[in-house]
Structures are given as structure tokens and as C-alpha cells.
>>> print(open('my_file20.txt').read())   # compact mmCIF, C-alpha atoms
# COMPACT_ATOMS: atom_id res chain seq x y z
CA MET A 298 -30.58 -10.12 -5.23
CA VAL A 299 -28.80 -7.16 -6.85
CA ALA A 300 -25.32 -7.98 -8.16
CA ILE A 301 -22.65 -5.91 -6.48
CA VAL A 302 -20.53 -3.71 -8.71
CA ASP A 303 -16.93 -4.24 -7.68
CA PRO A 304 -14.24 -1.90 -9.06
CA ASP A 305 -11.62 -4.55 -8.27
CA GLU A 306 -13.35 -7.41 -10.09
CA ASP A 307 -11.18 -7.44 -13.22
CA LEU A 308 -8.00 -6.98 -11.19
CA VAL A 309 -8.81 -9.92 -8.92
CA ARG A 310 -9.61 -12.13 -11.92
CA ARG A 311 -6.20 -11.34 -13.44
CA VAL A 312 -4.47 -11.97 -10.12
CA GLY A 313 -6.18 -15.36 -9.98
CA GLN A 314 -4.81 -16.15 -13.44
CA GLY A 315 -1.29 -15.46 -12.21
CA ASP A 316 -0.76 -12.07 -13.90
CA PRO A 317 2.25 -10.54 -12.07
CA ALA A 318 1.37 -6.97 -13.14
CA ALA A 319 -2.11 -7.38 -11.65
CA ALA A 320 -0.63 -8.66 -8.39
CA GLN A 321 1.62 -5.61 -8.26
CA THR A 322 -1.34 -3.28 -8.88
CA LEU A 323 -3.39 -5.00 -6.19
CA VAL A 324 -0.58 -4.62 -3.66
CA ALA A 325 -0.13 -0.94 -4.58
CA ARG A 326 -3.87 -0.35 -4.25
CA LYS A 327 -4.71 -2.40 -1.15
CA LEU A 328 -1.60 -2.73 1.00
CA PRO A 329 -1.55 0.91 2.21
CA ARG A 330 -5.26 0.68 2.99
CA ILE A 331 -5.06 -2.57 4.92
CA LEU A 332 -1.88 -1.52 6.71
CA ALA A 333 -3.56 1.72 7.83
CA LEU A 334 -6.60 -0.21 9.06
CA ALA A 335 -4.45 -2.62 11.08
CA GLN A 336 -2.20 0.12 12.41
CA ARG A 337 -5.16 2.14 13.71
CA MET A 338 -6.92 -0.90 15.12
CA LEU A 339 -3.84 -2.28 16.88
CA GLY A 340 -1.73 0.82 17.47
CA ASP A 341 1.41 -1.21 16.80
CA ALA A 342 3.43 -0.92 13.58
CA GLY A 343 4.98 -4.41 13.72
CA GLU A 344 1.71 -6.19 14.39
CA ALA A 345 0.02 -4.10 11.70
CA GLU A 346 2.62 -5.27 9.14
CA ASP A 347 2.01 -8.89 10.13
CA VAL A 348 -1.75 -8.48 9.75
CA ALA A 349 -1.40 -6.70 6.39
CA GLN A 350 0.91 -9.43 5.08
CA GLU A 351 -1.33 -12.24 6.29
CA THR A 352 -4.39 -10.54 4.77
CA LEU A 353 -2.76 -10.18 1.36
CA LEU A 354 -1.49 -13.77 1.45
CA LYS A 355 -5.07 -14.90 2.05
CA ALA A 356 -6.07 -12.71 -0.89
CA TRP A 357 -3.64 -14.60 -3.16
CA ARG A 358 -5.27 -17.88 -2.13
CA GLN A 359 -8.76 -16.45 -2.58
CA ALA A 360 -8.24 -14.74 -5.96
CA PRO A 361 -8.33 -17.89 -8.19
CA LYS A 362 -11.68 -18.97 -6.68
CA TRP A 363 -13.21 -15.50 -6.25
CA THR A 364 -16.85 -15.32 -7.35
CA PRO A 365 -17.71 -11.83 -8.61
CA GLY A 366 -21.05 -10.20 -7.80
CA GLN A 367 -21.45 -11.54 -4.27
CA ALA A 368 -19.32 -9.04 -2.35
CA LYS A 369 -16.75 -6.36 -2.99
CA PHE A 370 -13.22 -7.69 -2.79
CA ASP A 371 -12.24 -4.63 -0.71
CA THR A 372 -14.96 -5.45 1.84
CA TRP A 373 -13.74 -9.05 1.98
CA LEU A 374 -10.19 -7.83 2.60
CA HIS A 375 -11.43 -5.61 5.41
CA ARG A 376 -13.26 -8.52 7.00
CA VAL A 377 -10.15 -10.72 6.91
CA ALA A 378 -7.95 -7.93 8.30
CA LEU A 379 -10.45 -7.08 11.07
CA ASN A 380 -10.70 -10.74 12.10
CA LEU A 381 -6.92 -10.93 12.34
CA CYS A 382 -6.88 -7.68 14.36
CA TYR A 383 -9.51 -9.00 16.76
CA ASP A 384 -7.55 -12.25 17.19
CA ARG A 385 -4.59 -10.17 18.31
CA LEU A 386 -6.65 -7.87 20.53
CA ARG A 387 -8.17 -10.94 22.21
CA ARG A 388 -4.73 -12.43 22.77
CA ARG A 389 -3.60 -9.17 24.37
CA ARG A 390 -6.49 -9.35 26.83
CA GLU A 391 -5.74 -13.00 27.62
CA ILE A 392 -2.05 -12.33 28.23
CA PRO A 393 -1.80 -9.52 30.79
CA THR A 394 1.11 -7.17 30.17
CA ASP A 395 2.86 -4.60 32.26
CA THR A 396 1.17 -1.81 30.33
CA PRO A 397 -0.35 0.64 32.79
CA PRO A 398 -4.12 1.08 32.67
CA ASP A 399 -5.56 3.72 30.39
CA ARG A 400 -5.52 7.19 31.81
CA PRO A 401 -6.91 10.44 30.47
CA ASP A 402 -4.41 11.97 28.07
CA GLU A 403 -2.75 14.88 29.82
CA GLY A 404 -0.91 15.87 26.64
CA PRO A 405 1.18 18.94 26.16
CA ALA A 406 -0.01 22.30 27.44
CA PRO A 407 -2.37 23.98 25.00
CA ASP A 408 -0.24 27.11 24.77
CA ARG A 409 2.89 25.20 23.78
CA GLY A 410 2.02 24.90 20.14
CA LEU A 411 2.11 21.59 18.37
CA LEU A 412 3.66 20.41 15.19
CA ALA A 413 1.50 18.37 12.87
CA ALA A 414 3.44 15.22 13.75
CA GLU A 415 2.78 15.75 17.43
CA THR A 416 -0.90 16.26 16.69
CA GLY A 417 -0.89 12.94 14.86
CA VAL A 418 0.71 11.21 17.83
CA ARG A 419 -1.92 12.67 20.16
CA VAL A 420 -4.74 11.61 17.86
CA ASP A 421 -3.33 8.08 17.54
CA ALA A 422 -3.03 7.82 21.31
CA ALA A 423 -6.62 9.00 21.77
CA LEU A 424 -7.82 6.51 19.15
CA LYS A 425 -5.95 3.70 20.89
CA ARG A 426 -7.75 4.43 24.16
CA LEU A 427 -11.21 4.13 22.63
CA PRO A 428 -13.15 0.91 23.29
CA ASP A 429 -12.48 -1.54 20.43
CA ARG A 430 -15.91 -1.31 18.83
CA GLN A 431 -15.98 2.50 18.89
CA ARG A 432 -12.49 2.61 17.42
CA GLU A 433 -13.51 0.12 14.72
CA ALA A 434 -16.53 2.25 13.78
CA VAL A 435 -14.46 5.45 13.57
CA VAL A 436 -11.66 3.76 11.63
CA LEU A 437 -14.01 2.14 9.10
CA CYS A 438 -16.15 5.22 8.48
CA HIS A 439 -13.66 8.07 8.83
CA TYR A 440 -10.30 6.64 7.77
CA GLN A 441 -11.27 3.74 5.49
CA GLU A 442 -14.20 5.77 4.08
CA LEU A 443 -16.56 2.81 3.91
CA SER A 444 -20.24 3.61 3.59
CA ASN A 445 -22.38 3.23 6.71
CA ILE A 446 -24.02 0.15 5.19
CA GLU A 447 -20.66 -1.50 4.42
CA ALA A 448 -19.27 -0.67 7.86
CA ALA A 449 -22.40 -1.91 9.65
CA ALA A 450 -22.34 -5.14 7.63
CA LEU A 451 -18.66 -5.70 8.42
CA MET A 452 -19.31 -5.15 12.12
CA GLU A 453 -22.46 -7.28 11.94
CA ILE A 454 -24.61 -4.58 13.54
CA SER A 455 -27.46 -2.35 12.40
CA VAL A 456 -26.84 1.09 10.92
CA ASP A 457 -28.44 2.62 14.05
CA ALA A 458 -26.00 0.76 16.27
CA LEU A 459 -23.14 1.92 14.06
CA GLU A 460 -24.28 5.54 14.39
CA SER A 461 -24.40 5.14 18.15
CA LEU A 462 -20.84 3.75 18.25
CA LEU A 463 -19.64 6.54 15.96
CA SER A 464 -21.25 9.27 18.08
CA ARG A 465 -19.80 7.91 21.31
CA GLY A 466 -16.40 7.40 19.76
CA ARG A 467 -16.21 10.88 18.26
CA ARG A 468 -17.45 12.44 21.49
CA ALA A 469 -14.68 10.70 23.45
CA LEU A 470 -12.12 11.83 20.89
CA ARG A 471 -13.38 15.42 21.05
CA LEU A 472 -12.99 15.39 24.83
CA ALA A 473 -9.52 13.81 24.70
CA LEU A 474 -8.34 16.36 22.14
CA ALA A 475 -10.28 19.35 23.46
CA ASP A 476 -7.15 21.36 24.17
CA MET A 477 -6.12 21.07 20.53
CA ALA A 478 -9.39 22.22 19.01
CA PRO A 479 -9.43 25.59 17.25
CA GLY A 480 -10.04 28.35 19.81
CA ALA A 481 -8.93 26.21 22.76
CA SER A 482 -5.83 28.36 23.35
CA GLU A 483 -7.84 31.62 23.42
CA GLY A 484 -9.60 30.39 26.52
CA ASP A 485 -6.22 29.92 28.15
CA GLY A 486 -6.01 33.59 29.21
CA ARG A 487 -3.23 34.68 26.84
CA MET B 1017 -36.76 17.43 15.13
CA LYS B 1018 -35.03 17.92 11.80
CA ALA B 1019 -32.26 19.99 13.41
CA GLU B 1020 -31.80 17.24 16.00
CA ARG B 1021 -31.32 14.72 13.24
CA LEU B 1022 -28.75 16.99 11.62
CA HIS B 1023 -26.85 17.16 14.94
CA ALA B 1024 -27.01 13.38 15.31
CA LEU B 1025 -25.69 12.78 11.81
CA ALA B 1026 -22.87 15.31 12.20
CA ASP B 1027 -21.94 13.77 15.57
CA ALA B 1028 -21.72 10.34 13.96
CA TYR B 1029 -20.30 10.97 10.49
CA GLY B 1030 -18.55 14.34 10.79
CA ALA B 1031 -18.82 17.36 8.53
CA ASP B 1032 -18.02 15.80 5.17
CA LEU B 1033 -21.35 14.91 3.59
CA ARG B 1034 -19.64 12.26 1.44
CA ARG B 1035 -19.32 10.19 4.62
CA TRP B 1036 -23.02 10.55 5.36
CA PRO B 1037 -25.65 8.00 4.37
CA ALA B 1038 -26.50 8.78 0.75
CA SER B 1039 -30.17 9.11 1.62
CA GLU B 1040 -29.49 11.89 4.19
CA ARG B 1041 -27.23 14.19 2.16
CA ALA B 1042 -29.98 16.01 0.31
CA PHE B 1043 -31.86 16.38 3.62
CA ALA B 1044 -28.86 18.11 5.21
CA GLU B 1045 -28.27 20.43 2.27
CA THR B 1046 -31.94 21.45 2.17
CA LEU B 1047 -32.02 22.06 5.92
CA ILE B 1048 -28.87 24.21 5.93
CA ALA B 1049 -30.04 26.17 2.89
CA ALA B 1050 -33.26 26.97 4.77
CA ASP B 1051 -31.45 27.88 8.02
CA PRO B 1052 -27.78 28.90 7.44
CA SER B 1053 -27.16 29.08 11.21
CA LEU B 1054 -27.18 25.27 11.17
CA ARG B 1055 -23.90 25.46 9.23
CA ALA B 1056 -22.28 25.81 12.69
CA VAL B 1057 -23.21 22.19 13.40
CA LEU B 1058 -21.05 21.06 10.49
CA ASP B 1059 -18.26 23.51 11.40
CA GLN B 1060 -18.01 22.00 14.87
CA ALA B 1061 -17.80 18.51 13.40
CA ALA B 1062 -15.22 19.74 10.87
CA ALA B 1063 -12.86 20.74 13.70
CA LEU B 1064 -12.72 17.14 14.94
CA ASP B 1065 -12.41 15.83 11.37
CA ALA B 1066 -9.33 18.04 10.89
CA LEU B 1067 -7.73 16.67 14.05
CA LEU B 1068 -8.45 13.08 13.02
CA ASP B 1069 -6.90 13.76 9.62
CA ALA B 1070 -3.65 14.71 11.35
CA SER B 1071 -3.14 11.04 12.17
CA PRO B 1072 -0.65 9.95 9.51
CA ALA B 1073 -1.36 6.85 7.45
CA PRO B 1074 1.60 4.44 7.57
CA THR B 1075 3.56 3.89 4.37
CA PRO B 1076 4.22 0.22 3.57
CA SER B 1077 7.91 -0.60 3.30
CA ALA B 1078 9.32 -1.89 0.01
CA ASP B 1079 10.41 -5.02 1.89
CA LEU B 1080 6.86 -5.76 3.04
CA ALA B 1081 5.48 -5.31 -0.48
CA ALA B 1082 8.24 -7.56 -1.89
CA ARG B 1083 7.52 -10.31 0.66
CA ILE B 1084 3.84 -10.25 -0.25
CA LEU B 1085 4.47 -10.18 -4.01
CA ALA B 1086 6.87 -13.12 -3.75
CA ALA B 1087 3.92 -15.28 -2.69
CA ALA B 1088 1.52 -14.05 -5.40
CA PRO B 1089 -0.10 -16.66 -7.69
CA LYS B 1090 2.09 -17.65 -10.64
CA VAL B 1091 1.12 -18.87 -14.09
CA LYS B 1092 1.46 -22.62 -13.77
CA THR B 1093 0.27 -23.69 -17.23
CA ARG B 1094 3.05 -21.86 -19.09
CA ARG B 1095 5.72 -23.43 -16.90
CA PHE B 1096 4.14 -26.84 -17.56
CA HIS B 1097 4.36 -26.34 -21.34
CA LEU B 1098 7.99 -25.26 -21.13
CA ASP B 1099 8.79 -28.40 -19.17
CA ARG B 1100 7.03 -30.54 -21.76
CA ILE B 1101 8.85 -28.86 -24.62
CA ALA B 1102 12.17 -29.42 -22.87
CA PHE B 1103 11.22 -33.09 -22.33
CA TYR B 1104 10.30 -33.66 -25.98
CA LEU B 1105 13.44 -31.89 -27.21
CA GLY B 1106 15.58 -34.13 -24.99
CA ALA B 1107 13.75 -37.26 -26.15
CA GLY B 1108 14.28 -36.22 -29.79
CA TRP B 1109 18.00 -35.81 -29.30
CA ALA B 1110 18.21 -39.18 -27.55
CA ALA B 1111 16.29 -40.90 -30.40
CA ALA B 1112 18.57 -39.28 -32.99
CA ALA B 1113 21.63 -40.46 -31.07
CA CYS B 1114 20.29 -44.05 -30.94
CA ALA B 1115 19.53 -43.99 -34.66
CA GLY B 1116 23.09 -42.82 -35.30
CA VAL B 1117 24.54 -45.67 -33.31
CA VAL B 1118 22.40 -48.27 -35.13
CA ALA B 1119 23.25 -46.82 -38.54
CA GLY B 1120 26.92 -46.65 -37.61
CA VAL B 1121 27.02 -50.26 -36.49
CA GLY B 1122 25.19 -51.41 -39.64
CA LEU B 1123 27.47 -49.49 -41.96
CA THR B 1124 30.55 -50.69 -40.16
CA THR B 1125 29.49 -54.31 -40.59
CA HIS B 1126 28.76 -53.76 -44.30
CA VAL B 1127 32.07 -52.02 -44.95
CA THR B 1128 34.01 -54.69 -43.09
CA ALA B 1129 32.45 -57.42 -45.22
CA ASN B 1130 33.38 -55.63 -48.44
CA GLU B 1131 36.92 -55.01 -47.27
CA ARG B 1132 37.30 -58.68 -46.31
CA ALA B 1133 36.16 -59.76 -49.77
CA ASP B 1134 38.61 -57.33 -51.39
CA ALA B 1135 41.42 -58.67 -49.20
CA VAL B 1136 40.66 -62.29 -50.13
CA LEU B 1137 40.60 -61.43 -53.82
CA TYR B 1138 43.84 -59.52 -53.48
CA GLN B 1139 45.51 -62.32 -51.59
CA SER B 1140 44.34 -64.88 -54.11
CA THR B 1141 45.97 -62.80 -56.80
CA LEU B 1142 49.17 -62.70 -54.84
CA VAL B 1143 49.09 -66.45 -54.35
CA ALA B 1144 48.68 -66.92 -58.07
CA VAL B 1145 51.73 -64.77 -58.76
CA ASP B 1146 53.74 -66.67 -56.20
CA ASP B 1147 52.78 -70.02 -57.75
CA THR B 1148 53.94 -68.86 -61.15
CA GLU B 1149 57.16 -67.70 -59.71
CA VAL B 1150 57.68 -70.96 -57.81
CA LEU B 1151 56.77 -73.20 -60.69
CA GLY B 1152 58.93 -71.14 -62.94
>>> encode(input="my_file20.txt", output="C-alpha cells")
Amino acid sequence: MVAIVDPDEDLVRRVGQGDPAAAQTLVARKLPRILALAQRMLGDAGEAEDVAQETLLKAWRQAPKWTPGQAKFDTWLHRVALNLCYDRLRRRREIPTDTPPDRPDEGPAPDRGLLAAETGVRVDAALKRLPDRQREAVVLCHYQELSNIEAAALMEISVDALESLLSRGRRALRLALADMAPGASEGDGR
Amino acid sequence: MKAERLHALADAYGADLRRWPASERAFAETLIAADPSLRAVLDQAAALDALLDASPAPTPSADLAARILAAAPKVKTRRFHLDRIAFYLGAGWAAAACAGVVAGVGLTTHVTANERADAVLYQSTLVAVDDTEVLG
């Protein structure tokens, strides 16, 4: 078995030894990443903070007994965060809410012009409406920039299955955001 | 067939070849170099990539980072040594205090004995003087 080269190995070792500077570096390096993952998976800022905090607290407990060479620490963090996200998504399904069922995003009219922030809101809404597994594939590969092999391993699927989820997810996003694509307004008769 | 594969990869991974499987990047570059019209496949995927990139990444609050850091592992061994040093220092002072008390008590007893002897000798002298005076 080939030993895995982990760029975080030394940092995790120092965290495990109780080095406060290393803990600070690890938080600066990983917290934004894990928070972004949770936010995009859950679409809820408060829940994302809870997941990010819980993930990092598990990291503190794991660091002193971390065995280098078996997995990347970043991949392990993603696995913990995704499990916590799926726990929450499951709970949401078990406890019905008053949230109306998903509908196609009507969005603002294409000729209205959108600020970047509004575009972000539209994209987040479209992401939130994707089926969980498609959203997970897009988030891991596009936003978290994991390799296809890492993402497939995290999702416990083959690379072919990952590609299928990615294609379907991106196609759905393209449709949902079609009015915002470059050239969409020209077809509006202006 | 090769163009179909290019379409499939762009549909899945987008236009940025860094997100593509490492083994397929050279394939894509070779294919596009041979047929530049295939560049349009990547351009179409790039439009969606740009929209996805408009989704802002959240910034962690200072409070969240502080809560997490407060629970970070601490160096336990150093604290243990400091405790031990404090214990031994305290024990040393206590031993010194006990030794002082013992020495003090011993000295006091010795001094008292000497002073008593001096007093007896002095009084005996006085008695002798008184006898002489009485006897004339």
C-alpha cells in the first residue's frame, strides 16, 4: 500500500502535542473550508456553524492519536463534516416542516440585471434544490476542489457514479440558472 | 468517440482542467489542439463555472474560531511539572519552618538552664554577703 502524502501531517502532530500556535493555524486553514462545505450542504448558516464546530472539536480529540500515512487529515475532516450534515438532513426529512415543496426557481427577470450578491443567492438557492447526492458531488468537486478519486471515496461510490452525479447536478444547475447565463438576455428581444 | 468523452468530462467537471481526472487532462489538451472548435465545449462549461463561483463562501466569525480554539488540546505535561515544583517548594518551606521551631525550642531550653545556674550563683553570693553583714 502506498503511503499517502499529507500536507497537514506535521501540523496535526503538533496539535496533538498541545501546541497552541498549531491549533490556531489548523483553525485558520480548515475552519473556512469546513464551514463552506456545511453551509452549501445544509443551506443554513446556523446549522453550518454547529457542524463546523463539532467537526473541529472531533479533530482536537483525533489529533493526539492520528496515524499518518493512512489518510489525509483533510479527507478525514470532510468525512466527519459530511456525516454530521447527513445526520441533520435525515432529521429534517423525519421532522416535516412547513417549508413549501421545491418549485422551479422563477428568479428575477433576465433583463433586470443582477448584482453579484444576487447571483450568489440564486446559485445557492439552485444548489439547495438539488438532490442531496448531486449537491454533495458538486460541492466536493467544484467548491472543495477534491480530486475525483477523493470525492468518490468519500461518497463511497465509483468514479463513474461520481461523474454521473456531477453531470446530472450541473445540468440541473444550468437549467435553473439559464436566464443568467451569458447571452441569455440577448434572446429576450431587447 | 473522443469528442463525446470530452463533452462528458466537461459536463461533469467543468472547464477548469485542474478539476479533471489527472489521467484525462493531457487527452483533452491534445484533442483541442487537434480540433480548436472543441474549445467551445469548455467555453460552455466555463459559463456555468462562473455562475457557481458567484456563490460566496461564508467567513467564519471570530467568536466561532475562539470557541473552537478554547477546546484545543493543551500541554498537560508542563502543567504537571509546575504543580510538582510548587508542591516541592511548599514542602521545603514547611520543613525549614519545622527545623526552626525545633532549633528554637532547643536553644531556649539551653539558655534557660545557663541563666538559672547564673542566678543561683549570684544569689549564693548575695547570701554570703548577707551572712557577713548579719554576723558582723
>>> interface_residues(input="my_file20.txt", of="chain A", to="chain B", cutoff="6 Å", atoms="all atoms listed in the file", output="list in words")
Gly315, Pro329, Ala333, Trp357, Gly417, Val420, Glu460, Leu463 and Ser464 of chain A
>>> closest_residue(input="my_file20.txt", among="B:Leu1022, B:Ala1078, B:Ala1031, B:Ala1062", to="Ile1048 of chain B", atoms="all atoms listed in the file")
B:Leu1022
>>> closest_residue(input="my_file20.txt", among="A:Val324, A:Ala300, A:Ala423, A:Ala368", to="Leu354 of chain A", atoms="all atoms listed in the file")
A:Val324
>>> atom_distance(input="my_file20.txt", atom1="atom CA of Arg326 of chain A", atom2="atom CA of Asp384 of chain A")
24.8 Å
>>> residues_near_point(input="my_file20.txt", point="(-31.5, 19.1, 5.7)", cutoff="12 Å", atoms="only C-alpha atoms", output="VMD selection string")
chain B and resid 1017 to 1023 1025 to 1026 1033 1039 to 1052 1054 to 1055 1057 to 1058
